[in-house]
>>> print(open('run_26.cif').read())   # mmCIF, C-alpha atoms
data_start
loop_
_atom_site.label_atom_id
_atom_site.label_comp_id
_atom_site.auth_asym_id
_atom_site.auth_seq_id
_atom_site.Cartn_x
_atom_site.Cartn_y
_atom_site.Cartn_z
CA ILE N 1 0.00 0.00 0.00
CA ALA N 2 1.49 3.33 -1.04
CA PHE N 3 1.21 6.52 0.99
CA ARG N 4 2.03 10.03 -0.20
CA ALA N 5 1.51 13.31 1.57
CA GLU N 6 -0.64 15.96 -0.07
CA ASP N 7 2.44 18.13 -0.54
CA GLY N 8 3.85 15.56 -2.99
CA SER N 9 6.74 14.51 -0.77
CA PRO N 10 8.22 11.04 -1.36
CA GLU N 11 6.03 7.97 -1.18
CA HIS N 12 6.23 5.51 1.70
CA TYR N 13 5.02 1.91 1.49
CA ALA N 14 3.33 -0.58 3.76
CA ILE N 15 3.96 -4.21 2.95
CA LEU N 16 1.31 -6.36 4.60
CA VAL N 17 2.36 -9.96 5.03
CA GLY N 18 -0.73 -12.12 5.40
CA THR N 19 -3.84 -10.51 6.82
CA PRO N 20 -2.79 -9.33 10.28
CA PRO N 21 -5.78 -8.54 12.51
CA THR N 22 -6.14 -4.95 13.71
CA ASP N 23 -7.55 -5.81 17.13
CA LYS N 24 -4.23 -6.94 18.64
CA PRO N 25 -0.59 -5.74 18.46
CA VAL N 26 0.83 -6.45 15.03
CA LEU N 27 4.43 -7.51 14.40
CA THR N 28 5.89 -4.46 12.69
CA ARG N 29 9.19 -3.30 11.23
CA LEU N 30 9.90 0.34 10.35
CA HIS N 31 12.57 0.17 7.67
CA SER N 32 14.18 3.26 6.16
CA GLU N 33 15.08 2.73 2.54
CA CYS N 34 18.72 1.98 1.83
CA PHE N 35 19.59 1.82 -1.85
CA THR N 36 23.12 0.59 -1.19
CA GLY N 37 22.16 -2.06 1.38
CA ASP N 38 18.69 -3.14 0.28
CA LEU N 39 19.35 -3.27 -3.46
CA LEU N 40 23.10 -3.46 -3.95
CA GLY N 41 23.90 -5.70 -0.98
CA SER N 42 26.44 -3.30 0.53
CA LEU N 43 28.42 -4.73 3.42
CA LYS N 44 28.93 -1.24 4.97
CA CYS N 45 25.59 -1.46 6.80
CA ASP N 46 23.14 -4.05 8.08
CA CYS N 47 20.12 -2.69 6.20
CA GLY N 48 19.75 -5.44 3.61
CA SER N 49 19.96 -8.12 6.28
CA GLN N 50 17.43 -6.27 8.40
CA LEU N 51 14.98 -5.91 5.50
CA ARG N 52 15.18 -9.53 4.35
CA GLY N 53 15.22 -10.76 7.96
CA ALA N 54 12.12 -8.75 8.82
CA ILE N 55 10.14 -10.11 5.89
CA GLU N 56 11.19 -13.66 6.79
CA ALA N 57 10.36 -13.23 10.49
CA ILE N 58 7.00 -11.61 9.76
CA GLY N 59 6.16 -14.46 7.38
CA LYS N 60 7.14 -17.12 9.91
CA SER N 61 5.04 -15.41 12.60
CA GLY N 62 1.92 -15.65 10.46
CA GLY N 63 1.74 -12.03 9.35
CA GLY N 64 2.56 -8.44 10.08
CA VAL N 65 3.48 -5.08 8.62
CA LEU N 66 6.70 -3.76 7.15
CA LEU N 67 6.73 -0.01 6.61
CA TYR N 68 9.28 0.95 3.96
CA LEU N 69 10.01 4.60 4.65
CA ALA N 70 11.55 7.02 2.14
CA GLN N 71 14.30 8.17 4.51
CA GLU N 72 17.50 7.17 2.74
CA GLY N 73 20.73 7.66 4.68
CA ARG N 74 19.04 8.39 8.02
CA GLY N 75 16.97 11.00 6.22
CA ILE N 76 19.75 12.86 4.37
CA GLY N 77 19.19 11.28 0.94
CA LEU N 78 21.31 9.08 -1.27
CA ILE N 79 23.68 11.75 -2.63
CA ASN N 80 24.48 13.02 0.85
CA LYS N 81 24.85 9.46 2.10
CA LEU N 82 27.48 8.87 -0.59
CA ARG N 83 29.20 12.07 0.54
CA ALA N 84 29.08 10.76 4.10
CA TYR N 85 30.67 7.51 2.91
CA ARG N 86 33.61 9.56 1.59
CA LEU N 87 33.97 11.19 5.03
CA GLN N 88 33.79 7.77 6.68
CA ASP N 89 36.65 6.65 4.45
CA GLN N 90 38.61 9.59 5.95
CA GLY N 91 38.03 8.26 9.48
CA PHE N 92 34.77 9.87 10.62
CA ASP N 93 32.05 7.60 11.98
CA THR N 94 28.62 7.51 10.37
CA MET N 95 27.10 10.07 12.73
CA GLU N 96 30.07 12.44 12.62
CA ALA N 97 29.96 12.31 8.82
CA ASN N 98 26.32 13.37 8.76
CA GLU N 99 27.05 16.21 11.18
CA ARG N 100 30.04 17.40 9.11
CA LEU N 101 27.65 17.64 6.15
CA GLY N 102 25.39 19.94 8.20
CA PHE N 103 22.79 17.39 9.28
CA LYS N 104 21.82 15.90 12.61
CA ALA N 105 23.28 12.46 13.31
CA ASP N 106 19.84 11.07 12.42
CA GLU N 107 17.29 13.12 10.47
CA ARG N 108 14.58 10.44 10.29
CA ARG N 109 11.05 11.17 11.46
CA TYR N 110 8.49 8.59 12.48
CA ALA N 111 5.23 10.55 12.59
CA ILE N 112 4.52 9.31 9.06
CA ALA N 113 4.97 5.71 10.23
CA ALA N 114 2.50 6.25 13.06
CA ARG N 115 0.03 7.83 10.65
CA MET N 116 0.37 4.92 8.22
CA LEU N 117 -0.26 2.39 10.98
CA LYS N 118 -3.34 4.29 12.15
CA LEU N 119 -4.71 4.53 8.60
CA LEU N 120 -4.23 0.77 8.30
CA GLY N 121 -6.20 0.33 11.54
CA TYR N 122 -3.32 -0.58 13.88
CA LYS N 123 -3.15 1.10 17.28
CA ALA N 124 -0.61 -1.25 18.88
CA VAL N 125 2.53 -2.98 17.58
CA ARG N 126 5.22 -5.42 18.52
CA LEU N 127 8.11 -3.46 17.04
CA MET N 128 11.08 -5.21 15.44
CA THR N 129 13.92 -2.82 16.23
CA ASN N 130 17.13 -2.26 18.15
CA ASN N 131 16.59 1.50 18.13
CA PRO N 132 14.87 2.83 21.28
CA SER N 133 14.20 6.12 19.44
CA LYS N 134 11.74 4.33 17.15
CA VAL N 135 9.85 2.98 20.17
CA ALA N 136 9.71 6.42 21.77
CA ALA N 137 8.69 8.13 18.51
CA LEU N 138 5.77 5.77 17.86
CA GLU N 139 4.61 6.06 21.47
CA ALA N 140 4.77 9.87 21.22
CA GLU N 141 2.53 9.69 18.14
CA GLY N 142 -0.08 7.55 19.90
CA VAL N 143 0.88 4.06 18.69
CA LYS N 144 1.30 1.68 21.62
CA VAL N 145 4.45 -0.44 21.49
CA THR N 146 3.64 -3.53 23.52
CA ALA N 147 7.03 -5.17 22.90
CA ARG N 148 10.38 -4.41 21.34
CA VAL N 149 11.39 -7.43 19.31
CA ARG N 150 15.17 -7.75 18.95
CA HIS N 151 16.24 -7.45 15.32
CA ALA N 152 20.01 -7.78 14.98
CA PHE N 153 22.28 -9.62 12.58
CA PRO N 154 25.97 -10.60 12.72
CA SER N 155 28.49 -7.93 11.86
CA ASN N 156 31.24 -8.25 9.28
CA THR N 157 34.60 -6.55 8.88
CA HIS N 158 33.00 -3.80 6.74
CA ASN N 159 30.15 -2.81 9.10
CA ARG N 160 31.57 -3.57 12.56
CA ALA N 161 32.54 0.07 13.29
CA TYR N 162 29.18 1.26 11.92
CA LEU N 163 27.29 -1.05 14.28
CA GLU N 164 29.49 -0.06 17.21
CA THR N 165 28.72 3.61 16.51
CA LYS N 166 24.99 2.85 16.38
CA ALA N 167 25.26 1.19 19.77
CA LYS N 168 27.56 3.71 21.48
CA LYS N 169 26.24 6.97 20.06
CA GLY N 170 22.74 6.03 18.91
CA GLY N 171 21.77 3.88 21.88
CA HIS N 172 20.91 0.88 19.71
CA LEU N 173 20.48 -2.33 21.64
CA LEU N 174 22.71 -4.71 19.73
#
>>> encode(input="run_26.cif", output="structure tokens")
Amino acid sequence: IAFRAEDGSPEHYAILVGTPPTDKPVLTRLHSECFTGDLLGSLKCDCGSQLRGAIEAIGKSGGGVLLYLAQEGRGIGLINKLRAYRLQDQGFDTMEANERLGFKADERRYAIAARMLKLLGYKAVRLMTNNPSKVAALEAEGVKVTARVRHAFPSNTHNRAYLETKAKKGGHLL
């Protein structure tokens, strides 16, 4: 199901796996698009693994919702993400690189995700995430998070520092 704001901003998508009932907390993953990880299989992040893992876990559980959010590069866009990669190659971590480009460490917003869930009829979720900010953001927008479902995958030599930064600076529960 596609969602687009009236102002014509980028489209966001809800992928419903099965027919999850709306009267109980639905297994949900909020996934920000990642061209390099989701489509190209980049080893610099864990995004592709998280996306494929979420779809598999939702399927095995009998159904749920994956929201695919147009928030590339923690909300800074693909071109700026590629610029941030260049800074990372110079020794800056992922969050420092975003800040050096003039952005916050994480520019993503989750009000749209809450709105999408509400429009789909879901008021409560079991959220697949390691990011406490996502839990807090949904709760602040009136979506009850009844459980945080761990959603982590093994690191590799290319993304180990990235994951460590997410844990140390972003508070991710890895």
>>> atom_distance(input="run_26.cif", atom1="CA of Leu78 in chain N", atom2="CA of Ile112 in chain N")
19.7 Å
>>> residues_around(input="run_26.cif", residues="Tyr85 in chain N", least_positions_apart="6", cutoff="12 Å", atoms="only C-alpha atoms", output="list in words")
Thr36, Ser42, Lys44, Cys45, Gly73, Leu78, Ile79, Gly91, Phe92, Asp93, Thr94, Met95, Glu96, Ala97, Asn98, Arg100, Leu101 and Tyr162 of chain N
>>> residues_near_point(input="run_26.cif", point="(-5.1, -5.6, 15.0)", cutoff="8 Å", atoms="only C-alpha atoms", output="PyMOL selection string")
chain N and resi 20-26+121-124
>>> atom_distance(input="run_26.cif", atom1="CA of Arg115 in chain N", atom2="CA of Gly18 in chain N")
20.6 Å
>>> closest_residue(input="run_26.cif", among="N:Gly170, N:Gly8, N:Gly41, N:Pro154", to="Ser133 in chain N", atoms="only C-alpha atoms")
N:Gly170
